[in-house]
$ cat final_32.cif   # mmCIF, C-alpha atoms
data_start
loop_
_atom_site.label_atom_id
_atom_site.label_comp_id
_atom_site.auth_asym_id
_atom_site.auth_seq_id
_atom_site.Cartn_x
_atom_site.Cartn_y
_atom_site.Cartn_z
CA MET A 25 -4.55 10.59 31.17
CA SER A 26 -7.09 7.78 30.72
CA GLU A 27 -5.94 6.73 27.27
CA LYS A 28 -2.49 7.20 25.86
CA GLN A 29 -2.20 9.51 22.87
CA VAL A 30 -0.07 8.69 19.86
CA LEU A 31 2.65 11.27 19.32
CA LEU A 32 3.62 9.96 15.89
CA GLY A 33 1.61 11.75 13.26
CA MET A 34 1.19 14.96 15.26
CA SER A 35 2.39 18.08 13.50
CA LEU A 36 5.28 19.92 15.15
CA GLU A 37 2.90 22.64 16.33
CA GLU A 38 0.54 20.07 17.86
CA MET A 39 3.47 18.41 19.58
CA LYS A 40 4.72 21.75 20.93
CA ALA A 41 1.27 22.39 22.41
CA ALA A 42 1.29 18.96 24.07
CA PHE A 43 4.75 19.58 25.51
CA LYS A 44 3.70 23.00 26.77
CA GLN A 45 0.93 21.31 28.79
CA MET A 46 3.64 19.08 30.28
CA GLY A 47 5.68 22.13 31.26
CA GLN A 48 8.37 21.33 28.71
CA PRO A 49 10.13 23.84 26.42
CA ALA A 50 9.14 23.89 22.75
CA PHE A 51 12.52 22.61 21.52
CA ARG A 52 11.85 19.26 23.19
CA ALA A 53 9.02 18.67 20.71
CA GLY A 54 11.46 19.06 17.84
CA GLN A 55 13.86 16.60 19.46
CA VAL A 56 11.14 14.01 19.96
CA GLN A 57 9.82 14.45 16.43
CA ALA A 58 13.33 13.90 15.03
CA TRP A 59 13.63 10.67 17.04
CA LEU A 60 10.18 9.45 16.01
CA THR A 61 11.04 10.03 12.36
CA LYS A 62 13.80 7.45 12.87
CA GLY A 63 11.38 5.01 14.49
CA THR A 64 13.10 5.36 17.86
CA PRO A 65 11.17 4.38 21.03
CA PHE A 66 11.05 6.81 23.97
CA GLU A 67 13.55 4.88 26.08
CA GLU A 68 16.24 5.26 23.39
CA MET A 69 15.86 9.04 22.95
CA SER A 70 19.26 9.70 24.48
CA ASN A 71 19.24 13.52 24.50
CA LEU A 72 16.07 13.71 26.62
CA PRO A 73 16.15 13.84 30.44
CA LYS A 74 15.30 10.51 32.03
CA ALA A 75 12.29 12.00 33.80
CA LEU A 76 10.88 13.26 30.51
CA ARG A 77 11.37 9.88 28.85
CA GLU A 78 9.50 8.22 31.70
CA SER A 79 6.72 10.79 31.52
CA LEU A 80 6.37 10.25 27.78
CA ARG A 81 6.23 6.50 28.25
CA GLU A 82 3.51 6.85 30.90
CA ASN A 83 1.32 9.23 28.91
CA TYR A 84 2.00 8.71 25.23
CA VAL A 85 2.63 6.06 22.58
CA ASP A 86 5.72 6.42 20.39
CA LEU A 87 4.99 3.97 17.55
CA PRO A 88 1.48 2.49 17.45
CA MET A 89 2.85 -0.65 15.84
CA SER A 90 5.71 -3.13 16.21
CA VAL A 91 7.31 -5.85 14.12
CA HIS A 92 5.57 -9.09 15.07
CA GLN A 93 7.82 -11.14 12.81
CA ALA A 94 9.97 -10.69 9.70
CA PHE A 95 10.22 -13.36 7.01
CA PRO A 96 13.17 -12.90 4.63
CA SER A 97 12.83 -14.63 1.27
CA ARG A 98 15.36 -17.30 0.32
CA LYS A 99 14.92 -16.41 -3.35
CA ASP A 100 15.62 -12.66 -3.36
CA ASP A 101 16.02 -9.67 -1.03
CA THR A 102 12.30 -9.45 -0.28
CA VAL A 103 11.18 -9.37 3.37
CA LYS A 104 7.58 -9.95 4.44
CA PHE A 105 6.62 -8.29 7.71
CA LEU A 106 3.83 -9.04 10.09
CA PHE A 107 3.18 -5.87 12.06
CA SER A 108 1.32 -5.91 15.39
CA CYS A 109 -1.12 -3.11 16.17
CA LEU A 110 -1.71 -1.95 19.73
CA ASP A 111 -5.14 -3.60 19.73
CA GLY A 112 -3.67 -6.99 18.81
CA ASN A 113 -4.55 -6.93 15.13
CA ILE A 114 -1.91 -8.09 12.65
CA ILE A 115 -1.24 -6.59 9.23
CA GLU A 116 1.29 -7.23 6.47
CA GLY A 117 3.97 -5.24 4.71
CA VAL A 118 6.48 -6.23 2.05
CA LEU A 119 9.97 -4.74 1.67
CA MET A 120 11.44 -5.13 -1.82
CA HIS A 121 14.91 -4.31 -3.08
CA TYR A 122 15.27 -2.91 -6.59
CA HIS A 123 18.18 -1.37 -8.48
CA TYR A 124 16.90 2.08 -7.47
CA GLY A 125 16.64 1.23 -3.76
CA TYR A 126 14.10 -0.10 -1.28
CA SER A 127 10.36 -0.04 -1.84
CA LEU A 128 7.79 -0.87 0.84
CA CYS A 129 4.29 -2.14 0.17
CA ILE A 130 2.08 -1.05 3.07
CA SER A 131 -1.41 -1.94 4.23
CA THR A 132 -4.12 0.67 4.73
CA GLN A 133 -6.73 -1.47 6.50
CA VAL A 134 -6.86 -4.56 8.69
CA GLY A 135 -8.29 -6.88 6.06
CA CYS A 136 -10.47 -5.65 3.21
CA LYS A 137 -14.17 -5.63 2.36
CA MET A 138 -13.90 -5.31 -1.43
CA GLY A 139 -14.26 -9.07 -1.99
CA CYS A 140 -11.99 -9.47 -5.05
CA ALA A 141 -11.91 -13.15 -5.99
CA PHE A 142 -8.15 -13.38 -6.47
CA CYS A 143 -7.11 -11.79 -3.15
CA ALA A 144 -6.57 -13.40 0.26
CA SER A 145 -6.82 -10.07 2.14
CA THR A 146 -10.57 -9.96 1.81
CA LEU A 147 -11.39 -13.49 2.97
CA ASN A 148 -12.10 -12.41 6.57
CA GLY A 149 -13.54 -9.02 5.68
CA CYS A 150 -12.37 -5.64 6.95
CA VAL A 151 -11.77 -5.31 10.68
CA ARG A 152 -11.02 -1.59 10.70
CA ASN A 153 -9.16 1.26 9.02
CA LEU A 154 -5.54 1.98 9.86
CA THR A 155 -4.66 5.45 11.10
CA ALA A 156 -2.15 7.67 9.34
CA ALA A 157 0.26 7.04 12.24
CA GLU A 158 -0.07 3.27 11.79
CA MET A 159 0.73 3.58 8.10
CA LEU A 160 3.70 5.78 8.90
CA SER A 161 4.87 3.26 11.50
CA GLN A 162 5.19 0.59 8.83
CA VAL A 163 7.72 2.75 6.97
CA LEU A 164 9.65 3.64 10.13
CA LEU A 165 9.85 0.03 11.29
CA ALA A 166 11.10 -1.07 7.87
CA ASN A 167 13.80 1.62 8.02
CA ARG A 168 14.77 0.47 11.50
CA PHE A 169 14.96 -3.12 10.22
CA LEU A 170 17.25 -2.04 7.37
CA GLY A 171 19.61 -0.09 9.64
CA GLU A 172 22.76 0.88 7.79
CA LYS A 173 21.76 -1.08 4.67
CA GLY A 174 19.56 1.77 3.50
CA HIS A 175 16.08 3.23 3.85
CA VAL A 176 12.70 3.12 2.16
CA GLY A 177 12.62 5.56 -0.75
CA HIS A 178 9.52 4.28 -2.56
CA ILE A 179 6.11 3.28 -1.17
CA VAL A 180 3.22 1.41 -2.70
CA LEU A 181 -0.19 1.43 -1.04
CA MET A 182 -1.10 -1.99 -2.38
CA GLY A 183 -1.12 -4.16 0.73
CA SER A 184 -4.25 -5.27 2.56
CA GLY A 185 -7.16 -2.89 2.26
CA GLU A 186 -8.62 -0.45 -0.25
CA PRO A 187 -6.80 2.90 0.23
CA LEU A 188 -9.66 5.05 -1.08
CA ASP A 189 -12.05 3.33 1.35
CA ASN A 190 -9.88 4.82 4.11
CA TYR A 191 -9.66 8.15 2.35
CA ASP A 192 -8.95 10.73 5.07
CA ASN A 193 -6.32 8.65 6.86
CA VAL A 194 -4.56 7.81 3.59
CA VAL A 195 -4.41 11.44 2.45
CA SER A 196 -3.12 12.45 5.89
CA PHE A 197 -0.44 9.75 5.67
CA LEU A 198 0.65 10.93 2.22
CA ARG A 199 1.08 14.50 3.45
CA GLN A 200 2.97 13.38 6.56
CA VAL A 201 5.36 11.01 4.79
CA ASN A 202 6.15 13.80 2.31
CA ALA A 203 6.71 16.48 4.99
CA GLU A 204 10.13 18.15 4.86
CA ASP A 205 10.56 17.86 8.63
CA GLY A 206 9.61 14.18 8.45
CA LEU A 207 10.67 11.41 6.09
CA ASN A 208 10.46 13.77 3.10
CA ILE A 209 9.70 10.95 0.64
CA SER A 210 8.75 12.35 -2.74
CA LEU A 211 5.11 11.79 -3.63
CA ARG A 212 6.28 10.89 -7.13
CA ASN A 213 7.88 7.83 -5.52
CA ILE A 214 4.54 6.67 -4.12
CA SER A 215 1.89 4.54 -5.86
CA LEU A 216 -1.68 4.12 -4.67
CA SER A 217 -3.80 1.24 -5.90
CA THR A 218 -7.59 1.25 -5.98
CA CYS A 219 -10.08 -1.32 -7.20
CA GLY A 220 -12.06 1.55 -8.69
CA LEU A 221 -14.10 3.61 -6.20
CA VAL A 222 -15.25 6.13 -8.80
CA PRO A 223 -16.33 9.07 -6.58
CA GLN A 224 -13.13 8.91 -4.53
CA ILE A 225 -10.95 8.94 -7.67
CA GLY A 226 -12.46 12.29 -8.64
CA ARG A 227 -12.02 13.58 -5.11
CA PHE A 228 -8.42 12.41 -5.04
CA ALA A 229 -7.63 14.19 -8.30
CA ALA A 230 -8.46 17.48 -6.56
CA GLU A 231 -5.97 16.86 -3.72
CA GLY A 232 -3.00 17.89 -5.85
CA LEU A 233 -0.89 14.95 -4.68
CA PRO A 234 1.37 13.78 -7.53
CA VAL A 235 1.36 10.09 -6.62
CA THR A 236 0.99 7.36 -9.25
CA LEU A 237 -2.59 6.12 -9.35
CA SER A 238 -2.92 2.40 -10.08
CA ILE A 239 -6.26 0.94 -11.07
CA SER A 240 -6.90 -2.73 -10.30
CA LEU A 241 -8.72 -3.48 -13.55
CA HIS A 242 -8.17 -7.22 -14.15
CA ALA A 243 -10.79 -7.47 -16.90
CA PRO A 244 -11.54 -5.81 -20.24
CA ASN A 245 -15.32 -5.78 -19.77
CA ASP A 246 -18.05 -5.84 -17.11
CA GLN A 247 -19.07 -9.44 -17.78
CA ILE A 248 -15.68 -10.74 -16.64
CA ARG A 249 -15.01 -8.03 -14.06
CA LYS A 250 -18.24 -8.74 -12.17
CA GLN A 251 -17.17 -12.37 -11.75
CA ILE A 252 -14.02 -11.43 -9.85
CA MET A 253 -14.58 -7.88 -8.52
CA PRO A 254 -17.85 -7.01 -6.71
CA VAL A 255 -17.06 -3.29 -7.09
CA ALA A 256 -18.01 -3.67 -10.78
CA ASN A 257 -21.63 -4.16 -9.72
CA THR A 258 -21.67 -0.61 -8.34
CA TRP A 259 -19.47 1.17 -10.86
CA PRO A 260 -19.44 -0.37 -14.35
CA ILE A 261 -16.27 -0.24 -16.38
CA HIS A 262 -17.36 2.66 -18.63
CA GLU A 263 -17.95 4.88 -15.56
CA LEU A 264 -14.58 3.88 -14.14
CA MET A 265 -12.76 4.61 -17.40
CA ASP A 266 -14.51 7.98 -17.78
CA GLU A 267 -13.34 8.95 -14.29
CA VAL A 268 -9.80 7.73 -14.95
CA ARG A 269 -9.61 9.77 -18.16
CA ALA A 270 -10.81 12.80 -16.22
CA TYR A 271 -8.12 12.12 -13.61
CA VAL A 272 -5.42 12.05 -16.31
CA ARG A 273 -6.69 15.31 -17.82
CA LYS A 274 -6.82 17.06 -14.45
CA THR A 275 -3.49 15.85 -13.06
CA GLY A 276 -1.48 15.34 -16.23
CA ARG A 277 -0.15 12.12 -14.71
CA ARG A 278 0.01 8.67 -16.25
CA VAL A 279 -2.11 5.98 -14.60
CA VAL A 280 -1.20 2.32 -14.25
CA PHE A 281 -3.68 -0.47 -14.91
CA GLU A 282 -3.05 -3.61 -12.87
CA TYR A 283 -4.13 -6.78 -14.68
CA ALA A 284 -3.78 -10.19 -13.00
CA LEU A 285 -3.82 -12.90 -15.67
CA ILE A 286 -6.18 -15.74 -14.75
CA ASP A 287 -6.19 -18.94 -16.78
CA GLN A 288 -8.90 -18.80 -19.47
CA LEU A 289 -11.01 -16.21 -17.67
CA ASN A 290 -9.27 -12.98 -18.78
CA SER A 291 -6.03 -14.04 -20.44
CA ARG A 292 -6.96 -15.11 -23.98
CA PRO A 293 -5.86 -13.16 -27.08
CA GLU A 294 -9.32 -11.67 -27.57
CA HIS A 295 -9.14 -10.27 -24.03
CA ALA A 296 -5.81 -8.60 -24.84
CA ARG A 297 -7.28 -7.00 -27.95
CA GLU A 298 -10.32 -5.81 -26.01
CA LEU A 299 -8.11 -4.36 -23.27
CA ALA A 300 -6.02 -2.52 -25.86
CA SER A 301 -9.19 -0.93 -27.27
CA LEU A 302 -10.35 0.01 -23.76
CA VAL A 303 -7.19 1.88 -22.71
CA GLY A 304 -5.93 2.97 -26.13
CA GLY A 305 -5.13 6.68 -26.52
CA MET A 306 -4.80 7.19 -22.78
CA GLN A 307 -1.66 8.24 -20.91
CA CYS A 308 -1.25 4.90 -19.18
CA HIS A 309 0.77 1.75 -18.59
CA VAL A 310 -0.51 -1.80 -18.17
CA ASN A 311 1.15 -3.90 -15.48
CA LEU A 312 0.53 -7.57 -16.21
CA ILE A 313 0.62 -9.68 -13.05
CA PRO A 314 1.18 -13.44 -12.94
CA LEU A 315 -1.60 -14.51 -10.58
CA ASN A 316 -0.65 -15.68 -7.10
CA TYR A 317 -2.56 -18.86 -6.33
CA VAL A 318 -4.86 -18.59 -3.30
CA ASP A 319 -6.07 -21.95 -1.93
CA GLU A 320 -9.57 -20.74 -1.08
CA ARG A 321 -10.16 -19.16 -4.48
CA HIS A 322 -9.32 -21.96 -6.93
CA LEU A 323 -8.31 -19.53 -9.67
CA ARG A 324 -5.35 -20.65 -11.73
CA PRO A 325 -2.62 -18.40 -13.11
CA ALA A 326 -2.35 -18.14 -16.87
CA ALA A 327 0.41 -20.19 -18.48
CA PRO A 328 3.69 -18.32 -19.10
CA GLU A 329 3.23 -18.56 -22.87
CA ALA A 330 -0.25 -17.03 -22.56
CA VAL A 331 1.23 -14.16 -20.52
CA GLN A 332 3.88 -13.52 -23.17
CA LEU A 333 1.31 -13.58 -25.97
CA PHE A 334 -0.94 -11.18 -24.05
CA LEU A 335 1.99 -8.77 -23.71
CA LYS A 336 2.87 -9.11 -27.40
CA ILE A 337 -0.67 -8.23 -28.49
CA LEU A 338 -0.70 -5.11 -26.29
CA GLU A 339 2.69 -3.98 -27.59
CA GLU A 340 1.62 -4.52 -31.19
CA ARG A 341 -1.22 -2.09 -30.49
CA HIS A 342 1.21 0.44 -29.00
CA ILE A 343 0.06 -0.03 -25.41
CA SER A 344 2.86 0.48 -22.87
CA ALA A 345 2.98 -2.75 -20.86
CA THR A 346 5.30 -4.91 -18.76
CA ILE A 347 5.07 -8.13 -16.79
CA ARG A 348 5.55 -7.65 -13.07
CA ARG A 349 8.49 -9.54 -11.65
CA GLU A 350 7.44 -12.08 -9.02
CA MET A 351 9.03 -11.43 -5.63
CA GLY A 352 8.72 -13.16 -2.26
CA SER A 353 6.68 -16.09 -3.54
CA ASP A 354 8.20 -18.37 -0.88
CA ILE A 355 7.04 -16.10 1.98
CA GLY A 356 3.40 -15.61 1.02
CA GLY A 357 4.23 -12.52 -1.00
CA ALA A 358 0.69 -11.92 -2.21
CA CYS A 359 -1.66 -9.70 -0.20
CA GLY A 360 -3.15 -11.37 2.85
CA GLN A 361 -1.63 -14.83 2.42
CA LEU A 362 0.81 -14.71 5.31
CA ARG A 363 -1.54 -12.93 7.72
CA ARG A 364 -4.29 -15.47 7.04
CA SER A 365 -1.97 -18.42 7.56
CA VAL A 366 -0.84 -16.94 10.90
CA LEU A 367 -4.40 -16.32 12.04
CA GLU A 368 -5.22 -19.93 11.22
CA GLY A 369 -2.09 -21.21 12.93
CA LYS A 370 -0.54 -22.57 9.74
CA ALA A 371 2.56 -20.37 9.41
#
$ encode --input "final_32.cif" --output "structure tokens"
Amino acid sequence: MSEKQVLLGMSLEEMKAAFKQMGQPAFRAGQVQAWLTKGTPFEEMSNLPKALRESLRENYVDLPMSVHQAFPSRKDDTVKFLFSCLDGNIIEGVLMHYHYGYSLCISTQVGCKMGCAFCASTLNGCVRNLTAAEMLSQVLLANRFLGEKGHVGHIVLMGSGEPLDNYDNVVSFLRQVNAEDGLNISLRNISLSTCGLVPQIGRFAAEGLPVTLSISLHAPNDQIRKQIMPVANTWPIHELMDEVRAYVRKTGRRVVFEYALIDQLNSRPEHARELASLVGGMQCHVNLIPLNYVDERHLRPAAPEAVQLFLKILEERHISATIRREMGSDIGGACGQLRRSVLEGKA
């Protein structure tokens, strides 16, 4: 076999066919799949014959990713991971501990090409898409890291990359991570964030996947949004909002609007009132985000009192809203910060 195939991500039937070609009985595929679901490498699959383990190692890849380094926060239970891909690329993931359990923020691309002005992930562009197996590996490696402490029960696709720009792999990942013979994580415990790729939002609505759709909005109008999000030059805010309303009607699910508060630019009281008018009457929630400072961007976070006033104005207009709790700020918790510092030799 000239190039090793990745077993993780194969359906059970596909794996059985592969094992049949190796002259192995079908039940071995089920054994291997059970081990892979635990993130176990071939050499530790103790109920397999040694010869089979060696054959698997020679011809296949178990997990197409490994933990390059883990950075536990000194402030809370957050852990920032750097994951190594087989081709040498590095991506990030963030494990967060809440009262309801562990949540993992995963990446969907190596880097990002969306160019949002407040994000470090996009500074070096997008190298490539991640496969469904690579996304699944991030969850399995986090579970292996946790050991007896627990397991990932919630997932957010909000790490590096634009999930809907890697559409087919992301949808495949969602179906695999929800599979009953796999991790069986409820899709209702998964959030997917998009900067607003309008055609893909409509396509995603038809998939019938009850995940929580989060829209990275970050501005109440096109004039501001175009300054910080290049995607607004292709799909203006009225087209985005029309598609989001259609998504809510079709799926019956509440959407979340992500709004990073930037000093003066989008965080004044008039911006809050305009945002309330924009999303009013919709089945939605606004997640206000204290901006993470990125050296190369020179955007400043809004003052705490401005954040509180912004929230108050939304609530007075009966808009469901909260302020996101900051986690992992001492370990480069924001998207792309840690990976970039490692690539530049600063970490």
$ closest_residue --input "final_32.cif" --among "A:Ile114, A:Ile225, A:Ala230, A:Leu237" --to "Asn213 in chain A" --atoms "all atoms listed in the file"
A:Leu237
$ resolve_selection --input "final_32.cif" --expression "the PyMOL selection byres ((chain A and resi 35) around 12)" --output "list in words"
Val30, Leu31, Leu32, Gly33, Met34, Leu36, Glu37, Glu38, Met39, Lys40, Ala41, Ala42, Ala53, Gly54, Val56, Gln57, Ala58, Leu60, Thr61, Ala157, Ser196, Phe197, Arg199, Gln200, Val201, Ala203, Glu204, Asp205 and Gly206 of chain A
$ residues_around --input "final_32.cif" --residues "Val279 in chain A" --least-positions-apart "2" --cutoff "8 Å" --atoms "only C-alpha atoms" --output "MDAnalysis selection string"
chainID A and resid 236:239 268 272 277 281 307:309
$ resolve_selection --input "final_32.cif" --expression "the PyMOL selection byres ((chain A and resi 90) around 6)" --output "list in words"
Met89, Val91, Phe107 and Ser108 of chain A
$ write_last_selection --input "final_32.cif" --atoms "C-alpha atoms" --output "PDB file, in the frame of the given file"
ATOM      1  CA  MET A  89       2.850  -0.650  15.840  1.00  0.00           C
ATOM      2  CA  VAL A  91       7.310  -5.850  14.120  1.00  0.00           C
ATOM      3  CA  PHE A 107       3.180  -5.870  12.060  1.00  0.00           C
ATOM      4  CA  SER A 108       1.320  -5.910  15.390  1.00  0.00           C
TER       5      SER A 108
END
$ atom_distance --input "final_32.cif" --atom1 "CA of Ala284 in chain A" --atom2 "CA of Pro244 in chain A"
11.5 Å
$ atom_distance --input "final_32.cif" --atom1 "CA of Val303 in chain A" --atom2 "CA of His242 in chain A"
12.5 Å
$ residues_around --input "final_32.cif" --residues "Met138 in chain A" --least-positions-apart "5" --cutoff "12 Å" --atoms "all atoms listed in the file" --output "mmCIF file with C-alpha atoms, in the coordinates of the input"
data_model
loop_
_atom_site.group_PDB
_atom_site.id
_atom_site.type_symbol
_atom_site.label_atom_id
_atom_site.label_comp_id
_atom_site.auth_asym_id
_atom_site.auth_seq_id
_atom_site.Cartn_x
_atom_site.Cartn_y
_atom_site.Cartn_z
ATOM 1 C CA GLN A 133 -6.730 -1.470 6.500
ATOM 2 C CA CYS A 143 -7.110 -11.790 -3.150
ATOM 3 C CA ALA A 144 -6.570 -13.400 0.260
ATOM 4 C CA SER A 145 -6.820 -10.070 2.140
ATOM 5 C CA THR A 146 -10.570 -9.960 1.810
ATOM 6 C CA LEU A 147 -11.390 -13.490 2.970
ATOM 7 C CA ASN A 148 -12.100 -12.410 6.570
ATOM 8 C CA GLY A 149 -13.540 -9.020 5.680
ATOM 9 C CA CYS A 150 -12.370 -5.640 6.950
ATOM 10 C CA SER A 184 -4.250 -5.270 2.560
ATOM 11 C CA GLY A 185 -7.160 -2.890 2.260
ATOM 12 C CA GLU A 186 -8.620 -0.450 -0.250
ATOM 13 C CA PRO A 187 -6.800 2.900 0.230
ATOM 14 C CA LEU A 188 -9.660 5.050 -1.080
ATOM 15 C CA ASP A 189 -12.050 3.330 1.350
ATOM 16 C CA THR A 218 -7.590 1.250 -5.980
ATOM 17 C CA CYS A 219 -10.080 -1.320 -7.200
ATOM 18 C CA GLY A 220 -12.060 1.550 -8.690
ATOM 19 C CA LEU A 221 -14.100 3.610 -6.200
ATOM 20 C CA SER A 240 -6.900 -2.730 -10.300
ATOM 21 C CA ILE A 252 -14.020 -11.430 -9.850
ATOM 22 C CA MET A 253 -14.580 -7.880 -8.520
ATOM 23 C CA PRO A 254 -17.850 -7.010 -6.710
ATOM 24 C CA VAL A 255 -17.060 -3.290 -7.090
ATOM 25 C CA ALA A 256 -18.010 -3.670 -10.780
ATOM 26 C CA ASN A 257 -21.630 -4.160 -9.720
ATOM 27 C CA THR A 258 -21.670 -0.610 -8.340
#
$ closest_residue --input "final_32.cif" --among "A:Ala156, A:Met46, A:Met306, A:Leu119" --to "Gly177 in chain A" --atoms "all atoms listed in the file"
A:Leu119
$ residues_around --input "final_32.cif" --residues "range 311-315 of chain A" --least-positions-apart "5" --cutoff "6 Å" --atoms "only C-alpha atoms" --output "list in words"
Phe281, Glu282, Tyr283, Ala284, Leu285, Pro325, Ala345, Thr346, Ile347 and Arg348 of chain A
$ closest_residue --input "final_32.cif" --among "A:Asn153, A:Gln162, A:Ser127, A:Gln48" --to "Pro88 in chain A" --atoms "only C-alpha atoms"
A:Gln162
$ resolve_selection --input "final_32.cif" --expression "the PyMOL selection byres ((chain A and resi 337-339) around 10)" --output "list in words"
Pro293, Glu294, His295, Ala296, Arg297, Glu298, Leu299, Ala300, Ser301, Gly304, Val310, Gln332, Leu333, Phe334, Leu335, Lys336, Glu340, Arg341, His342, Ile343, Ser344, Ala345 and Thr346 of chain A
$ atom_distance --input "final_32.cif" --atom1 "CA of Asn71 in chain A" --atom2 "CA of Trp59 in chain A"
9.8 Å
$ axis_aligned_box --input "final_32.cif" --around "range 256-263 of chain A" --padding-each-side "4 Å" --output "JSON"
{"center_x": -19.0, "center_y": 0.4, "center_z": -13.5, "size_x": 13.4, "size_y": 17.0, "size_z": 18.3}
$ closest_residue --input "final_32.cif" --among "A:Val235, A:Ile286, A:Ile209, A:Leu106" --to "Ala166 in chain A" --atoms "all atoms listed in the file"
A:Leu106
$ residues_around --input "final_32.cif" --residues "Leu128 in chain A" --least-positions-apart "6" --cutoff "7 Å" --atoms "all atoms listed in the file" --output "PyMOL selection string"
chain A and resi 117-120+176+178-180
$ write_last_selection --input "final_32.cif" --atoms "C-alpha atoms" --output "PDB file, in the frame of the given file"
ATOM      1  CA  GLY A 117       3.970  -5.240   4.710  1.00  0.00           C
ATOM      2  CA  VAL A 118       6.480  -6.230   2.050  1.00  0.00           C
ATOM      3  CA  LEU A 119       9.970  -4.740   1.670  1.00  0.00           C
ATOM      4  CA  MET A 120      11.440  -5.130  -1.820  1.00  0.00           C
ATOM      5  CA  VAL A 176      12.700   3.120   2.160  1.00  0.00           C
ATOM      6  CA  HIS A 178       9.520   4.280  -2.560  1.00  0.00           C
ATOM      7  CA  ILE A 179       6.110   3.280  -1.170  1.00  0.00           C
ATOM      8  CA  VAL A 180       3.220   1.410  -2.700  1.00  0.00           C
TER       9      VAL A 180
END
